[in-house]
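Structure data follow from structure.cif (mmCIF, C-alpha atoms):
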```cif
data_coords
loop_
_atom_site.label_atom_id
_atom_site.label_comp_id
_atom_site.auth_asym_id
_atom_site.auth_seq_id
_atom_site.Cartn_x
_atom_site.Cartn_y
_atom_site.Cartn_z
CA ALA A 51 17.31 5.40 -8.07
CA SER A 52 15.30 8.50 -7.24
CA GLY A 53 11.78 9.86 -6.99
CA HIS A 54 9.02 10.61 -4.53
CA ILE A 55 7.96 7.60 -2.43
CA ALA A 56 4.58 7.95 -0.73
CA ILE A 57 4.11 5.62 2.23
CA GLY A 58 0.38 5.20 2.76
CA THR A 59 -0.71 4.10 6.23
CA ALA A 60 -4.23 3.75 7.59
CA VAL A 61 -4.44 4.10 11.39
CA THR A 62 -7.18 3.65 13.99
CA SER A 63 -7.39 3.65 17.76
CA LYS A 64 -10.33 1.21 17.69
CA GLY A 65 -9.59 -2.11 19.32
CA THR A 66 -6.28 -0.96 20.73
CA HIS A 67 -4.77 -0.19 24.14
CA MET A 68 -3.82 3.31 23.00
CA ASN A 69 -4.30 6.15 25.46
CA ARG A 70 -2.12 8.74 23.73
CA ILE A 71 -0.45 9.34 20.39
CA SER A 72 2.92 8.10 21.66
CA ASP A 73 1.33 4.65 22.17
CA SER A 74 0.67 4.34 18.43
CA PRO A 75 2.25 1.40 16.57
CA PHE A 76 3.24 4.00 13.98
CA PHE A 77 5.76 5.49 16.40
CA ASN A 78 6.74 2.23 18.05
CA ILE A 79 7.01 -0.08 15.03
CA LEU A 80 6.72 1.43 11.56
CA LEU A 81 8.62 4.70 11.86
CA PRO A 82 11.57 3.30 13.89
CA SER A 83 11.94 0.41 11.43
CA PHE A 84 11.83 2.84 8.50
CA LEU A 85 14.56 4.96 10.08
CA SER A 86 16.74 1.88 10.60
CA THR A 87 16.41 0.62 7.02
CA TRP A 88 16.06 3.63 4.69
CA GLU A 89 18.92 5.04 2.63
CA GLY A 90 19.28 8.02 4.91
CA PRO A 91 19.34 11.82 4.58
CA GLY A 92 21.64 11.61 1.56
CA SER A 93 19.20 9.52 -0.43
CA ALA A 94 18.08 10.73 -3.86
CA PHE A 95 14.59 9.61 -2.90
CA ARG A 96 12.05 11.86 -1.22
CA TYR A 97 9.70 10.23 1.28
CA THR A 98 6.27 11.32 2.48
CA PHE A 99 4.21 9.45 5.05
CA TYR A 100 0.52 9.83 4.28
CA VAL A 101 -1.30 8.82 7.48
CA GLY A 102 -5.08 8.54 7.32
CA CYS A 103 -7.68 7.84 10.00
CA ASP A 104 -11.46 7.76 10.35
CA GLU A 105 -13.06 11.14 10.85
CA GLY A 106 -13.86 11.47 14.55
CA ASP A 107 -11.29 8.93 15.79
CA HIS A 108 -11.04 9.93 19.45
CA ILE A 109 -7.24 9.78 19.47
CA TYR A 110 -5.96 10.35 15.95
CA ASP A 111 -8.48 12.93 14.77
CA SER A 112 -8.51 15.47 17.59
CA GLN A 113 -6.88 18.80 16.84
CA THR A 114 -4.58 18.52 19.86
CA ASN A 115 -3.45 15.00 19.04
CA ARG A 116 -2.89 15.85 15.39
CA ALA A 117 -0.48 18.54 16.57
CA THR A 118 1.17 16.03 18.91
CA PHE A 119 1.50 13.51 16.07
CA ASP A 120 3.15 16.16 13.90
CA GLU A 121 5.48 17.21 16.72
CA LEU A 122 6.55 13.63 17.49
CA PHE A 123 7.12 12.95 13.82
CA ARG A 124 9.26 16.07 13.35
CA LEU A 125 11.23 15.23 16.50
CA ARG A 126 12.02 11.68 15.37
CA THR A 127 12.84 12.69 11.81
CA SER A 128 14.76 15.85 12.69
CA ARG A 129 17.86 14.54 10.90
CA ALA A 130 15.86 13.52 7.85
CA PRO A 131 15.12 16.62 5.75
CA ASN A 132 13.81 14.49 2.88
CA VAL A 133 11.06 12.87 5.00
CA ALA A 134 7.67 14.57 5.35
CA LEU A 135 4.23 13.92 6.84
CA VAL A 136 0.68 14.46 5.61
CA GLN A 137 -2.23 13.71 7.97
CA LEU A 138 -5.68 12.92 6.56
CA SER A 139 -9.10 11.86 7.84
CA PHE A 140 -12.04 10.32 6.02
CA ARG A 141 -15.73 10.10 6.83
CA ASP A 142 -16.47 6.97 4.75
CA THR A 143 -13.81 4.53 5.99
CA SER A 144 -15.03 3.19 9.35
CA GLY A 145 -14.17 -0.52 9.43
CA ALA A 146 -12.80 -0.21 5.90
CA PRO A 147 -9.01 0.15 5.96
CA SER A 148 -8.76 -0.80 2.27
CA TRP A 149 -10.96 2.18 1.42
CA ALA A 150 -8.79 4.37 3.64
CA VAL A 151 -5.66 3.20 1.81
CA ALA A 152 -7.36 3.92 -1.53
CA ASN A 153 -8.19 7.45 -0.37
CA ILE A 154 -4.67 7.97 0.96
CA MET A 155 -3.05 6.83 -2.28
CA LYS A 156 -5.36 9.03 -4.33
CA GLN A 157 -4.05 12.03 -2.40
CA ALA A 158 -0.44 10.90 -2.87
CA TYR A 159 -1.06 10.37 -6.58
CA ASP A 160 -2.62 13.81 -6.91
CA ASP A 161 0.43 15.24 -5.13
CA GLY A 162 2.64 13.74 -7.85
CA ALA A 163 4.25 10.83 -5.99
CA GLU A 164 5.93 8.37 -8.37
CA TRP A 165 5.97 5.41 -6.01
CA LEU A 166 3.16 4.18 -3.75
CA TYR A 167 4.03 1.98 -0.76
CA GLN A 168 1.17 0.62 1.35
CA LEU A 169 2.42 -0.14 4.85
CA ASN A 170 0.41 -0.77 8.02
CA ASP A 171 1.37 1.03 11.21
CA ASP A 172 2.33 -2.39 12.67
CA ALA A 173 4.68 -3.28 9.79
CA ARG A 174 8.30 -3.65 10.86
CA LEU A 175 10.74 -3.22 7.97
CA THR A 176 13.81 -5.41 8.40
CA SER A 177 15.79 -5.16 5.12
CA ARG A 178 18.03 -2.30 4.06
CA GLY A 179 18.00 -1.21 0.45
CA TRP A 180 14.28 -1.77 -0.02
CA GLU A 181 13.85 1.45 -2.02
CA ARG A 182 16.16 0.53 -4.90
CA ALA A 183 15.11 -3.11 -4.86
CA LEU A 184 11.40 -2.31 -5.14
CA CYS A 185 11.73 0.58 -7.59
CA SER A 186 14.20 -1.12 -9.93
CA THR A 187 12.09 -4.28 -10.02
CA LEU A 188 9.12 -2.41 -11.46
CA ALA A 189 11.16 -0.03 -13.62
CA SER A 190 12.91 -2.95 -15.32
CA ASN A 191 9.80 -5.06 -15.94
CA LEU A 192 10.47 -6.50 -19.40
CA VAL A 193 6.75 -6.95 -20.11
CA ALA A 194 5.99 -3.25 -19.61
CA PRO A 195 8.16 -0.80 -17.63
CA PHE A 196 6.67 0.35 -14.30
CA VAL A 197 3.66 -1.96 -14.65
CA GLY A 198 3.01 -4.52 -11.92
CA ALA A 199 3.10 -5.05 -8.19
CA THR A 200 5.91 -5.88 -5.82
CA GLY A 201 6.52 -5.65 -2.11
CA PRO A 202 8.32 -7.10 0.88
CA THR A 203 8.01 -10.72 1.92
CA ASP A 204 5.95 -10.91 5.10
CA ARG A 205 7.58 -13.44 7.40
CA GLY A 206 4.15 -14.41 8.68
CA ASN A 207 2.46 -14.73 5.29
CA ALA A 208 4.52 -15.37 2.17
CA ARG A 209 1.48 -16.34 0.07
CA ILE A 210 0.23 -12.84 -0.71
CA PHE A 211 1.32 -9.22 -0.46
CA THR A 212 0.21 -8.09 2.97
CA HIS A 213 1.96 -4.82 2.10
CA VAL A 214 2.47 -3.74 -1.49
CA PHE A 215 4.52 -1.36 -3.62
CA THR A 216 3.52 0.04 -7.01
CA HIS A 217 4.39 2.80 -9.44
CA ARG A 218 1.80 5.55 -10.01
CA THR A 219 1.06 3.69 -13.25
CA HIS A 220 -1.09 1.41 -11.08
CA MET A 221 -3.47 4.32 -10.49
CA ASP A 222 -3.42 5.28 -14.16
CA ILE A 223 -4.63 1.78 -15.01
CA HIS A 224 -7.15 1.04 -12.26
CA GLY A 225 -8.27 4.46 -11.06
CA ARG A 226 -8.09 3.29 -7.42
CA PHE A 227 -5.37 1.62 -5.43
CA PHE A 228 -7.84 -1.12 -4.37
CA PRO A 229 -11.28 -1.77 -5.90
CA ARG A 230 -14.23 -0.49 -3.89
CA ALA A 231 -15.48 -4.10 -3.66
CA PHE A 232 -12.98 -4.71 -0.84
CA ARG A 233 -13.59 -2.85 2.41
CA ASN A 234 -10.94 -4.74 4.38
CA TYR A 235 -10.44 -8.40 3.44
CA TYR A 236 -9.25 -9.65 0.01
CA SER A 237 -7.73 -6.42 -1.26
CA ASP A 238 -4.34 -8.06 -0.63
CA ASP A 239 -5.40 -11.13 -2.62
CA TRP A 240 -6.59 -8.92 -5.46
CA ILE A 241 -3.36 -6.97 -5.88
CA THR A 242 -1.31 -10.17 -5.56
CA SER A 243 -3.22 -11.65 -8.51
CA VAL A 244 -4.32 -8.85 -10.84
CA TYR A 245 -0.98 -8.49 -12.69
CA GLY A 246 -0.53 -12.20 -13.26
CA SER A 247 2.65 -14.21 -12.96
CA SER A 248 4.54 -12.06 -15.50
CA SER A 249 4.35 -8.79 -13.53
CA THR A 250 3.93 -9.79 -9.89
CA PHE A 251 7.27 -9.72 -8.12
CA LYS A 252 7.66 -11.22 -4.66
CA LEU A 253 11.10 -10.20 -3.49
CA LYS A 254 12.81 -12.60 -1.12
CA ASN A 255 15.58 -10.11 -0.37
CA VAL A 256 13.15 -7.49 0.97
CA LYS A 257 11.58 -8.66 4.22
CA MET A 258 9.29 -7.30 6.90
CA ALA A 259 7.47 -8.57 9.97
CA HIS A 260 3.78 -7.80 10.37
CA GLU A 261 3.28 -7.45 14.12
CA THR A 262 -0.47 -8.00 14.01
CA LYS A 263 -0.98 -8.17 17.79
CA ALA A 264 0.71 -4.87 18.59
CA GLN A 265 -1.50 -2.74 20.85
CA LYS A 266 -4.58 -4.88 20.07
CA THR A 267 -7.19 -5.55 22.77
CA GLY A 268 -8.46 -8.75 21.16
CA THR A 269 -8.12 -10.33 17.72
CA ILE A 270 -5.53 -9.21 15.20
CA GLU A 271 -8.14 -7.19 13.28
CA ARG A 272 -9.30 -3.77 14.37
CA TYR A 273 -12.50 -4.13 12.29
CA SER A 274 -15.15 -6.71 11.38
CA PRO A 275 -13.78 -8.79 8.47
CA ASP A 276 -15.89 -8.65 5.31
CA HIS A 277 -15.74 -12.30 4.26
CA LYS A 278 -18.47 -11.83 1.65
CA ALA A 279 -16.00 -9.89 -0.49
CA LYS A 280 -14.41 -13.21 -1.43
CA GLN A 281 -17.37 -13.81 -3.75
CA ARG A 282 -16.29 -10.81 -5.83
CA LEU A 283 -12.57 -11.57 -5.89
CA ALA A 284 -12.43 -13.61 -9.11
CA ASP A 285 -14.53 -11.08 -11.05
CA GLU A 286 -12.48 -8.15 -9.79
CA VAL A 287 -9.20 -9.88 -10.69
CA GLU A 288 -10.49 -10.60 -14.19
CA ARG A 289 -11.76 -7.06 -14.64
CA GLY A 290 -8.47 -5.62 -13.41
CA ALA A 291 -6.35 -7.94 -15.58
CA VAL A 292 -8.22 -6.83 -18.68
CA LYS A 293 -7.67 -3.18 -17.71
CA VAL A 294 -3.93 -3.85 -17.48
CA ALA A 295 -3.80 -5.55 -20.88
CA ARG A 296 -5.80 -2.76 -22.54
CA TRP A 297 -3.69 -0.03 -20.93
CA VAL A 298 -0.42 -1.63 -22.08
CA ALA A 299 -1.78 -2.06 -25.62
CA LYS A 300 -2.89 1.57 -25.77
CA ARG A 301 0.27 2.94 -24.16
CA TYR A 302 2.79 1.02 -26.28
CA GLY A 303 0.88 0.41 -29.49
CA SER A 304 0.50 -2.56 -31.81
CA GLY A 305 4.24 -3.17 -32.07
CA HIS A 306 4.52 -4.06 -28.39
CA PRO A 307 3.87 -7.68 -27.37
CA ARG A 308 0.41 -8.20 -25.91
CA PHE A 309 0.35 -8.21 -22.11
CA PRO A 310 0.23 -11.90 -21.13
CA LEU A 311 -2.99 -12.94 -19.43
CA ASP A 312 -2.35 -16.11 -17.44
CA ALA A 313 -3.62 -19.24 -19.18
CA LEU A 314 -5.00 -22.47 -17.78
CA CYS A 315 -4.38 -25.62 -19.85
CA GLY A 316 -3.44 -23.42 -22.79
CA PHE A 317 -6.78 -21.54 -22.80
CA ALA A 318 -7.00 -17.92 -21.75
CA PRO A 319 -10.66 -16.85 -21.89
CA LEU A 320 -9.81 -13.33 -20.71
CA VAL A 321 -8.26 -12.64 -24.11
CA GLU A 322 -11.77 -12.71 -25.59
CA ARG A 323 -12.62 -9.62 -23.53
CA LEU A 324 -9.90 -7.67 -25.33
CA LEU A 325 -11.46 -8.22 -28.77
#
```
Exercise: express the given structure as structure tokens:
Amino acid sequence: ASGHIAIGTAVTSKGTHMNRISDSPFFNILLPSFLSTWEGPGSAFRYTFYVGCDEGDHIYDSQTNRATFDELFRLRTSRAPNVALVQLSFRDTSGAPSWAVANIMKQAYDDGAEWLYQLNDDARLTSRGWERALCSTLASNLVAPFVGATGPTDRGNARIFTHVFTHRTHMDIHGRFFPRAFRNYYSDDWITSVYGSSSTFKLKNVKMAHETKAQKTGTIERYSPDHKAKQRLADEVERGAVKVARWVAKRYGSGHPRFPLDALCGFAPLVERLL
């Protein structure tokens, strides 16, 4: 019911109709929806928006516009003393929003954030009480406390987590929020699968709407999709699942039940990799 929630958001002006910072989906979709659904200034949670862009982005990464972004943020959160902003830029993330998110979450983790919430700037939160629902789901995981992935149900895509919420334990286990194998596509598929059915929690009572066409000049993507990454998905899921099982075994010792690796027809070949 408390803690530091880091909201990690990768932004870009590429492929958008943006002319100024105030045009950003962050200020027109994500932040307003956050302010209409969060617990409010009296919350025991502390919230920090970590907003990261590509180095050299002609709108987000200019010194003047960074100051404008900060000013707009402070203006719109003036009654929210427990909400803060950190702006970041990266030189290795062009066309790779999953890498940007990984960099953002690394900073949040290093800053001591307990909870990591990946949200796009065009994500509209629609359910109140999301903080306690998401945090308590992971904290009360009977398999291993704080281990796993959860997140809101995307009204446009209920199959996978298009936006995901984890405890900092996720970084302890995997070292990165998303594997480097995924520049943009399939990172969502990976995190929806890597914890298996026992520790992947899709909450129907926490909803959001992903407004993928907001401010876009063409397709819903603002980058060139890396479809080849699909070839690495199965291997990365297996590798990650084994990391989870090993971490739980080391953390809780031999007396704790082994982390369940999903079986097919009663045969779980991943178990052999733990021996």
**Item:** Nearest candidate to Phe232 in chain A (options A:Ala146, A:Ala208, A:Leu311, A:Leu166; using only C-alpha atoms)
**Value:** A:Ala146
**Fill in**
CA of Ile79 in chain A to CA of Pro229 in chain A measures 27.8 Å
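Using only C-alpha atoms, the nearest neighbour of Ser72 in chain A within the list A:Ser248, A:Asn115, A:Asn234, A:Thr98 is A:Asn115.
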**Message:** Starting from the PyMOL selection byres ((chain A and resi 120-129) around 12), expand the selection into actual residues of this file and give them as a ChimeraX atom specification.
**Reply:** /A:70-74,76-78,80-86,88,90-92,97-101,110,113-119,130-138
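Among the candidate residues A:Ser112, A:Asn69, A:Arg226, A:Asp285, the one lying nearest to Ala152 in chain A is A:Arg226, with distances computed using all atoms listed in the file.
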